[in-house]
Amino acid sequence: MNNAVIVDVVRSASGRGKPGGALSGVHPVELLATVLRSLITRNDLDPGRVDDVIGGCVQQVGEQSANITRYALLSAGFPESVPATTVDRQCGSSQQAAHFAAQGVMAGAYDIVIACGVESMSRIPMGTPTIGQDPQGPGVHARYPEGLVNQGVSAELIAQKWKFDRETLDAFAAASHQRAATAAAAGAFDNEIVAVAAPAPDGTTSTHLVDQTMRASTTVEGLAGLKPSFGTEEMRARFPDVDWKITPGNSSPLTDAASAALIMSEQAASKLNLRPRARFHAFSVVGDDPLLMLTGPIPATQQVLARAGLAIGDIDAYEVNEAFAPVPLAWAHELAADPAKLNPRGGAIALGHALGASGTRLLGTLVNYLEANGGRYGLQTMCEGGGMANATIIERL
């Protein structure tokens, strides 16, 4: 079996995913195209040598429909002969793209492949594909007659089950911003962020290089003033024991971003004189309770550790997506994980969660952290809509 190696991972800086956000004037095709072009250019790679481009995108409607990955590579100047596909594993879409890419290399189906992702939440507001529609159908309604809930309510149920109080959630969120701000000030993200030309409504264009969702001034005291977001009258009646505490401050913000990873066989990297930075060591993907929905990273991590023959203590850093603060906190509790190794450069609460782009964003941050700190193994895992999760273990080379 071939080893699948990571040669490079890049991303855009995050933009607030609402009108007026730094990247709201960028068409999502162009956002992903910019990242793809940068990845090819900085590795001096002939794009015609790429066997496939696999992209993640969750809200595949409007400007993000019709296989956005194919249009992005065409916009980026790739030859027409390079194919592309777009996958939806909800928030783990580009992590799944990386799994598919690496597994294709390991199986001998690819020599060189790009895994990537994009989401413009300012231009395609969250929930757009399901407005006026029922995405579940009668069979699901029959199986879950009380009804499934949105992810915010699921986060509330997790906080209640694991007995996390509001101060604990807000303290975790504030620490995410502080870690991210410290890392940014030290230049820790410089090697992963590529410039995006961002047009403004007045016709001017600026170069976007700094995560707009990160707020260095965030404090627990400031977050304490925010009101819970998901305790509607209907949900309070259904879950009377829940002490509602999920707010915009301890949740990931709506975000615009794109990211991409260059994945090859070791042989292809050697022939091109490109240095592999890490190799894929183990993978897992699981289904879990669709009501709690966001607990999937726990069994996914247990499965991937077993497949790798490793214990949690063997892992030097964990990137656990911060969709909501209770998710990584419950994960860390169940895995007995070292909190110092958890999202050491901050997570999605600070750096943003651009849905389809988050998987390869976490991968890049993890690779760079392992290199900077001499770690060997890194683990990333992502909760996903519908009650699923991916987990990946990489080994720094």
# chains A, B, ... in the order shown; residues from 1 in each chain; ligands from 1
>>> closest_atom_pairs(of="segment 26-137 of chain A", to="segment 377-395 of chain A", cutoff="9 Å", atoms="only C-alpha atoms", output="CSV")
residue,atom,partner,partner_atom,distance
A:Arg89,CA,A:Glu384,CA,7.0
A:Gln90,CA,A:Glu384,CA,5.4
A:Cys91,CA,A:Glu384,CA,5.0
A:Gly92,CA,A:Met382,CA,5.7
A:Ser93,CA,A:Glu384,CA,8.7
A:Gln95,CA,A:Asn390,CA,7.1
A:Gln96,CA,A:Asn390,CA,7.0
A:His99,CA,A:Thr392,CA,8.0
>>> select_by_dssp(residues="segment 218-261 of chain A", states="alpha helix (DSSP H)", output="PDB file with C-alpha atoms, in the first residue's frame")
ATOM      1  CA  VAL A 220     -15.460  35.755  30.244  1.00  0.00           C
ATOM      2  CA  GLU A 221     -17.085  38.849  31.728  1.00  0.00           C
ATOM      3  CA  GLY A 222     -17.968  40.182  28.301  1.00  0.00           C
ATOM      4  CA  LEU A 223     -19.382  36.853  27.138  1.00  0.00           C
ATOM      5  CA  GLU A 233     -40.812  28.586  23.793  1.00  0.00           C
ATOM      6  CA  GLU A 234     -41.266  25.290  21.938  1.00  0.00           C
ATOM      7  CA  MET A 235     -37.844  23.955  22.974  1.00  0.00           C
ATOM      8  CA  ARG A 236     -38.258  25.073  26.595  1.00  0.00           C
ATOM      9  CA  ALA A 237     -41.526  23.179  26.746  1.00  0.00           C
ATOM     10  CA  ARG A 238     -39.978  20.085  25.225  1.00  0.00           C
TER      11      ARG A 238
END
>>> residues_around(residues="Ala317 of chain A", least_positions_apart="4", cutoff="12 Å", atoms="only C-alpha atoms", output="MDAnalysis selection string")
chainID A and resid 312:313 337:346 362:363 365:381 392:396
>>> write_last_selection(atoms="N, CA and C atoms", output="short mmCIF file (atom, residue, chain, number, x, y, z; two decimals), in the first residue's frame")
data_model
loop_
_atom_site.label_atom_id
_atom_site.label_comp_id
_atom_site.auth_asym_id
_atom_site.auth_seq_id
_atom_site.Cartn_x
_atom_site.Cartn_y
_atom_site.Cartn_z
N ILE A 312 -4.60 7.94 23.67
CA ILE A 312 -4.74 9.39 23.60
C ILE A 312 -3.47 10.09 24.08
N GLY A 313 -2.75 9.48 25.01
CA GLY A 313 -1.51 10.08 25.50
C GLY A 313 -0.39 10.09 24.48
N ALA A 337 -8.49 13.58 27.84
CA ALA A 337 -7.47 14.26 27.03
C ALA A 337 -6.86 15.42 27.79
N ASP A 338 -5.62 15.71 27.48
CA ASP A 338 -4.88 16.82 28.09
C ASP A 338 -5.41 18.14 27.54
N PRO A 339 -6.00 19.00 28.36
CA PRO A 339 -6.56 20.26 27.82
C PRO A 339 -5.52 21.16 27.20
N ALA A 340 -4.26 21.04 27.58
CA ALA A 340 -3.20 21.87 27.00
C ALA A 340 -2.94 21.51 25.53
N LYS A 341 -3.29 20.29 25.14
CA LYS A 341 -3.08 19.84 23.76
C LYS A 341 -4.30 20.08 22.88
N LEU A 342 -5.39 20.55 23.47
CA LEU A 342 -6.65 20.71 22.76
C LEU A 342 -6.73 22.08 22.10
N ASN A 343 -6.76 22.10 20.77
CA ASN A 343 -6.85 23.35 20.01
C ASN A 343 -5.86 24.40 20.55
N PRO A 344 -4.56 24.06 20.55
CA PRO A 344 -3.58 24.95 21.20
C PRO A 344 -3.44 26.31 20.54
N ARG A 345 -3.88 26.46 19.29
CA ARG A 345 -3.85 27.75 18.63
C ARG A 345 -5.25 28.35 18.49
N GLY A 346 -6.13 27.94 19.38
CA GLY A 346 -7.51 28.39 19.28
C GLY A 346 -8.28 27.52 18.31
N LEU A 362 -8.56 22.83 9.71
CA LEU A 362 -8.01 22.20 10.89
C LEU A 362 -6.75 21.41 10.56
N LEU A 363 -6.75 20.75 9.42
CA LEU A 363 -5.59 19.95 9.02
C LEU A 363 -4.35 20.82 8.88
N THR A 365 -3.75 23.81 10.27
CA THR A 365 -3.34 24.31 11.58
C THR A 365 -2.62 23.23 12.37
N LEU A 366 -3.10 21.99 12.26
CA LEU A 366 -2.49 20.88 12.97
C LEU A 366 -1.08 20.59 12.45
N VAL A 367 -0.91 20.53 11.14
CA VAL A 367 0.41 20.28 10.55
C VAL A 367 1.40 21.35 11.00
N ASN A 368 1.00 22.60 10.91
CA ASN A 368 1.91 23.69 11.29
C ASN A 368 2.26 23.65 12.77
N TYR A 369 1.30 23.30 13.61
CA TYR A 369 1.58 23.22 15.05
C TYR A 369 2.56 22.10 15.35
N LEU A 370 2.36 20.93 14.76
CA LEU A 370 3.28 19.82 14.99
C LEU A 370 4.70 20.18 14.55
N GLU A 371 4.82 20.84 13.42
CA GLU A 371 6.15 21.24 12.94
C GLU A 371 6.80 22.23 13.89
N ALA A 372 6.02 23.19 14.35
CA ALA A 372 6.59 24.23 15.22
C ALA A 372 7.01 23.69 16.58
N ASN A 373 6.37 22.61 17.02
CA ASN A 373 6.60 22.11 18.38
C ASN A 373 7.25 20.74 18.42
N GLY A 374 7.60 20.19 17.27
CA GLY A 374 8.31 18.91 17.24
C GLY A 374 7.44 17.72 17.60
N GLY A 375 6.12 17.87 17.51
CA GLY A 375 5.24 16.75 17.82
C GLY A 375 5.24 15.71 16.71
N ARG A 376 4.90 14.49 17.06
CA ARG A 376 4.87 13.41 16.07
C ARG A 376 3.47 13.16 15.54
N TYR A 377 2.52 12.90 16.45
CA TYR A 377 1.17 12.55 16.03
C TYR A 377 0.18 13.67 16.33
N GLY A 378 -0.71 13.90 15.37
CA GLY A 378 -1.80 14.85 15.57
C GLY A 378 -3.12 14.20 15.22
N LEU A 379 -4.17 14.60 15.93
CA LEU A 379 -5.51 14.06 15.70
C LEU A 379 -6.47 15.20 15.45
N GLN A 380 -7.31 15.06 14.44
CA GLN A 380 -8.40 16.03 14.25
C GLN A 380 -9.71 15.27 14.14
N THR A 381 -10.75 15.89 14.67
CA THR A 381 -12.07 15.28 14.60
C THR A 381 -13.13 16.38 14.54
N THR A 392 -9.18 11.77 12.11
CA THR A 392 -7.97 11.53 11.32
C THR A 392 -6.76 11.62 12.24
N ILE A 393 -5.82 10.72 12.08
CA ILE A 393 -4.52 10.82 12.75
C ILE A 393 -3.46 10.99 11.69
N ILE A 394 -2.64 12.02 11.86
CA ILE A 394 -1.51 12.25 10.97
C ILE A 394 -0.22 12.11 11.75
N GLU A 395 0.85 11.85 11.03
CA GLU A 395 2.18 11.73 11.62
C GLU A 395 3.12 12.71 10.93
N ARG A 396 3.71 13.59 11.71
CA ARG A 396 4.65 14.57 11.14
C ARG A 396 5.89 13.84 10.62
#
>>> closest_residue(among="A:Tyr71, A:Trp162, A:Trp244, A:Phe78", to="Glu334 of chain A", atoms="only C-alpha atoms")
A:Trp162
>>> residues_around(residues="segment 347-353 of chain A", least_positions_apart="4", cutoff="7 Å", atoms="only C-alpha atoms", output="CSV table (one decimal) with C-alpha atoms, in the first residue's frame")
chain,number,residue,atom,x,y,z
A,14,SER,CA,-11.7,34.0,7.8
A,173,ALA,CA,-14.7,30.3,24.4
A,176,SER,CA,-10.0,30.0,22.3
A,177,HIS,CA,-9.8,33.7,21.3
A,180,ALA,CA,-5.7,32.3,18.6
A,211,ASP,CA,-8.9,36.2,10.6
A,213,THR,CA,-13.7,36.4,13.4
A,214,MET,CA,-10.9,36.5,16.0
A,215,ARG,CA,-11.4,39.0,18.9
A,250,ASN,CA,-19.6,30.2,23.1
A,251,SER,CA,-20.6,29.1,19.5
A,252,SER,CA,-18.6,29.3,16.3
A,253,PRO,CA,-19.5,32.3,14.2
A,254,LEU,CA,-20.9,32.3,10.7
A,255,THR,CA,-17.9,32.4,8.4
A,321,ASN,CA,-13.8,21.5,15.9
A,322,GLU,CA,-15.4,24.1,18.2
A,323,ALA,CA,-18.8,24.2,16.6
A,343,ASN,CA,-6.9,23.3,20.0
A,358,SER,CA,-13.2,23.7,8.2
>>> residues_around(residues="Arg166 of chain A", least_positions_apart="6", cutoff="8 Å", atoms="only C-alpha atoms", output="NGL selection string")
:A and (224 or 245-246)
>>> residues_around(residues="Ser217 of chain A", least_positions_apart="6", cutoff="10 Å", atoms="only C-alpha atoms", output="number ranges by chain")
A: 174, 177-178, 181
>>> write_last_selection(atoms="N, CA and C atoms", output="PDB file, in the first residue's frame")
ATOM      1  N   ALA A 174     -13.525  32.102  25.650  1.00  0.00           N
ATOM      2  CA  ALA A 174     -12.560  33.193  25.806  1.00  0.00           C
ATOM      3  C   ALA A 174     -11.138  32.694  25.598  1.00  0.00           C
ATOM      4  N   HIS A 177     -10.242  32.420  21.878  1.00  0.00           N
ATOM      5  CA  HIS A 177      -9.837  33.702  21.300  1.00  0.00           C
ATOM      6  C   HIS A 177      -8.430  34.090  21.759  1.00  0.00           C
ATOM      7  N   GLN A 178      -8.133  33.882  23.021  1.00  0.00           N
ATOM      8  CA  GLN A 178      -6.821  34.273  23.540  1.00  0.00           C
ATOM      9  C   GLN A 178      -5.706  33.441  22.920  1.00  0.00           C
ATOM     10  N   ALA A 181      -5.343  34.590  19.261  1.00  0.00           N
ATOM     11  CA  ALA A 181      -4.704  35.903  19.172  1.00  0.00           C
ATOM     12  C   ALA A 181      -3.218  35.818  19.482  1.00  0.00           C
TER      13      ALA A 181
END
>>> residues_around(residues="Thr86 of chain A", least_positions_apart="2", cutoff="9 Å", atoms="only C-alpha atoms", output="compact mmCIF listing (two decimals) with N, CA and C atoms, in the first residue's frame")
# COMPACT_ATOMS: atom_id res chain seq x y z
N VAL A 53 -9.55 16.72 -7.96
CA VAL A 53 -9.74 17.71 -6.92
C VAL A 53 -11.06 17.38 -6.24
N ILE A 54 -11.00 17.13 -4.93
CA ILE A 54 -12.18 16.74 -4.16
C ILE A 54 -12.47 17.85 -3.17
N GLY A 55 -13.63 18.47 -3.31
CA GLY A 55 -13.96 19.62 -2.47
C GLY A 55 -15.12 19.35 -1.55
N GLY A 56 -15.13 20.03 -0.42
CA GLY A 56 -16.24 19.96 0.51
C GLY A 56 -17.04 21.25 0.49
N CYS A 57 -18.34 21.14 0.49
CA CYS A 57 -19.23 22.30 0.59
C CYS A 57 -20.56 21.80 1.11
N GLN A 60 -24.92 23.45 -0.90
CA GLN A 60 -24.70 23.37 -2.34
C GLN A 60 -25.95 23.85 -3.08
N ALA A 66 -24.02 23.04 -8.43
CA ALA A 66 -23.51 22.54 -9.71
C ALA A 66 -22.04 22.18 -9.67
N ASN A 67 -21.61 21.54 -8.56
CA ASN A 67 -20.23 21.09 -8.40
C ASN A 67 -19.27 22.28 -8.39
N ILE A 68 -19.32 23.05 -7.33
CA ILE A 68 -18.52 24.27 -7.20
C ILE A 68 -17.02 24.00 -7.35
N THR A 69 -16.56 22.81 -6.95
CA THR A 69 -15.13 22.51 -7.03
C THR A 69 -14.65 22.52 -8.48
N ARG A 70 -15.46 22.01 -9.40
CA ARG A 70 -15.08 22.00 -10.82
C ARG A 70 -14.95 23.43 -11.34
N ALA A 84 -13.09 17.11 -11.03
CA ALA A 84 -13.37 17.56 -9.66
C ALA A 84 -14.74 17.04 -9.24
N ASP A 88 -20.54 16.27 0.47
CA ASP A 88 -21.23 16.86 1.62
C ASP A 88 -21.26 15.84 2.75
N SER A 93 -17.09 18.06 5.71
CA SER A 93 -17.02 17.79 4.28
C SER A 93 -15.60 17.81 3.73
N ALA A 97 -13.21 14.93 2.35
CA ALA A 97 -12.50 15.06 1.07
C ALA A 97 -11.05 14.63 1.23
N GLY A 117 -12.04 22.79 0.42
CA GLY A 117 -13.39 23.10 0.84
C GLY A 117 -13.65 24.59 0.83
>>> atom_distance(atom1="atom CA of Lys227 of chain A", atom2="atom CA of Gly249 of chain A")
9.1 Å
>>> atom_distance(atom1="atom CA of Gly187 of chain A", atom2="atom CA of Val210 of chain A")
10.8 Å
>>> atom_distance(atom1="atom CA of Val118 of chain A", atom2="atom CA of Gly356 of chain A")
5.1 Å
>>> closest_residue(among="A:Arg123, A:Lys161, A:Arg37, A:Arg277", to="Arg11 of chain A", atoms="only C-alpha atoms")
A:Arg37
>>> closest_residue(among="A:Val9, A:Leu397, A:Glu192, A:Gly21", to="Ala278 of chain A", atoms="only C-alpha atoms")
A:Leu397
>>> closest_residue(among="A:Thr219, A:Thr205, A:Gln212, A:Ser265", to="Val113 of chain A", atoms="only C-alpha atoms")
A:Ser265
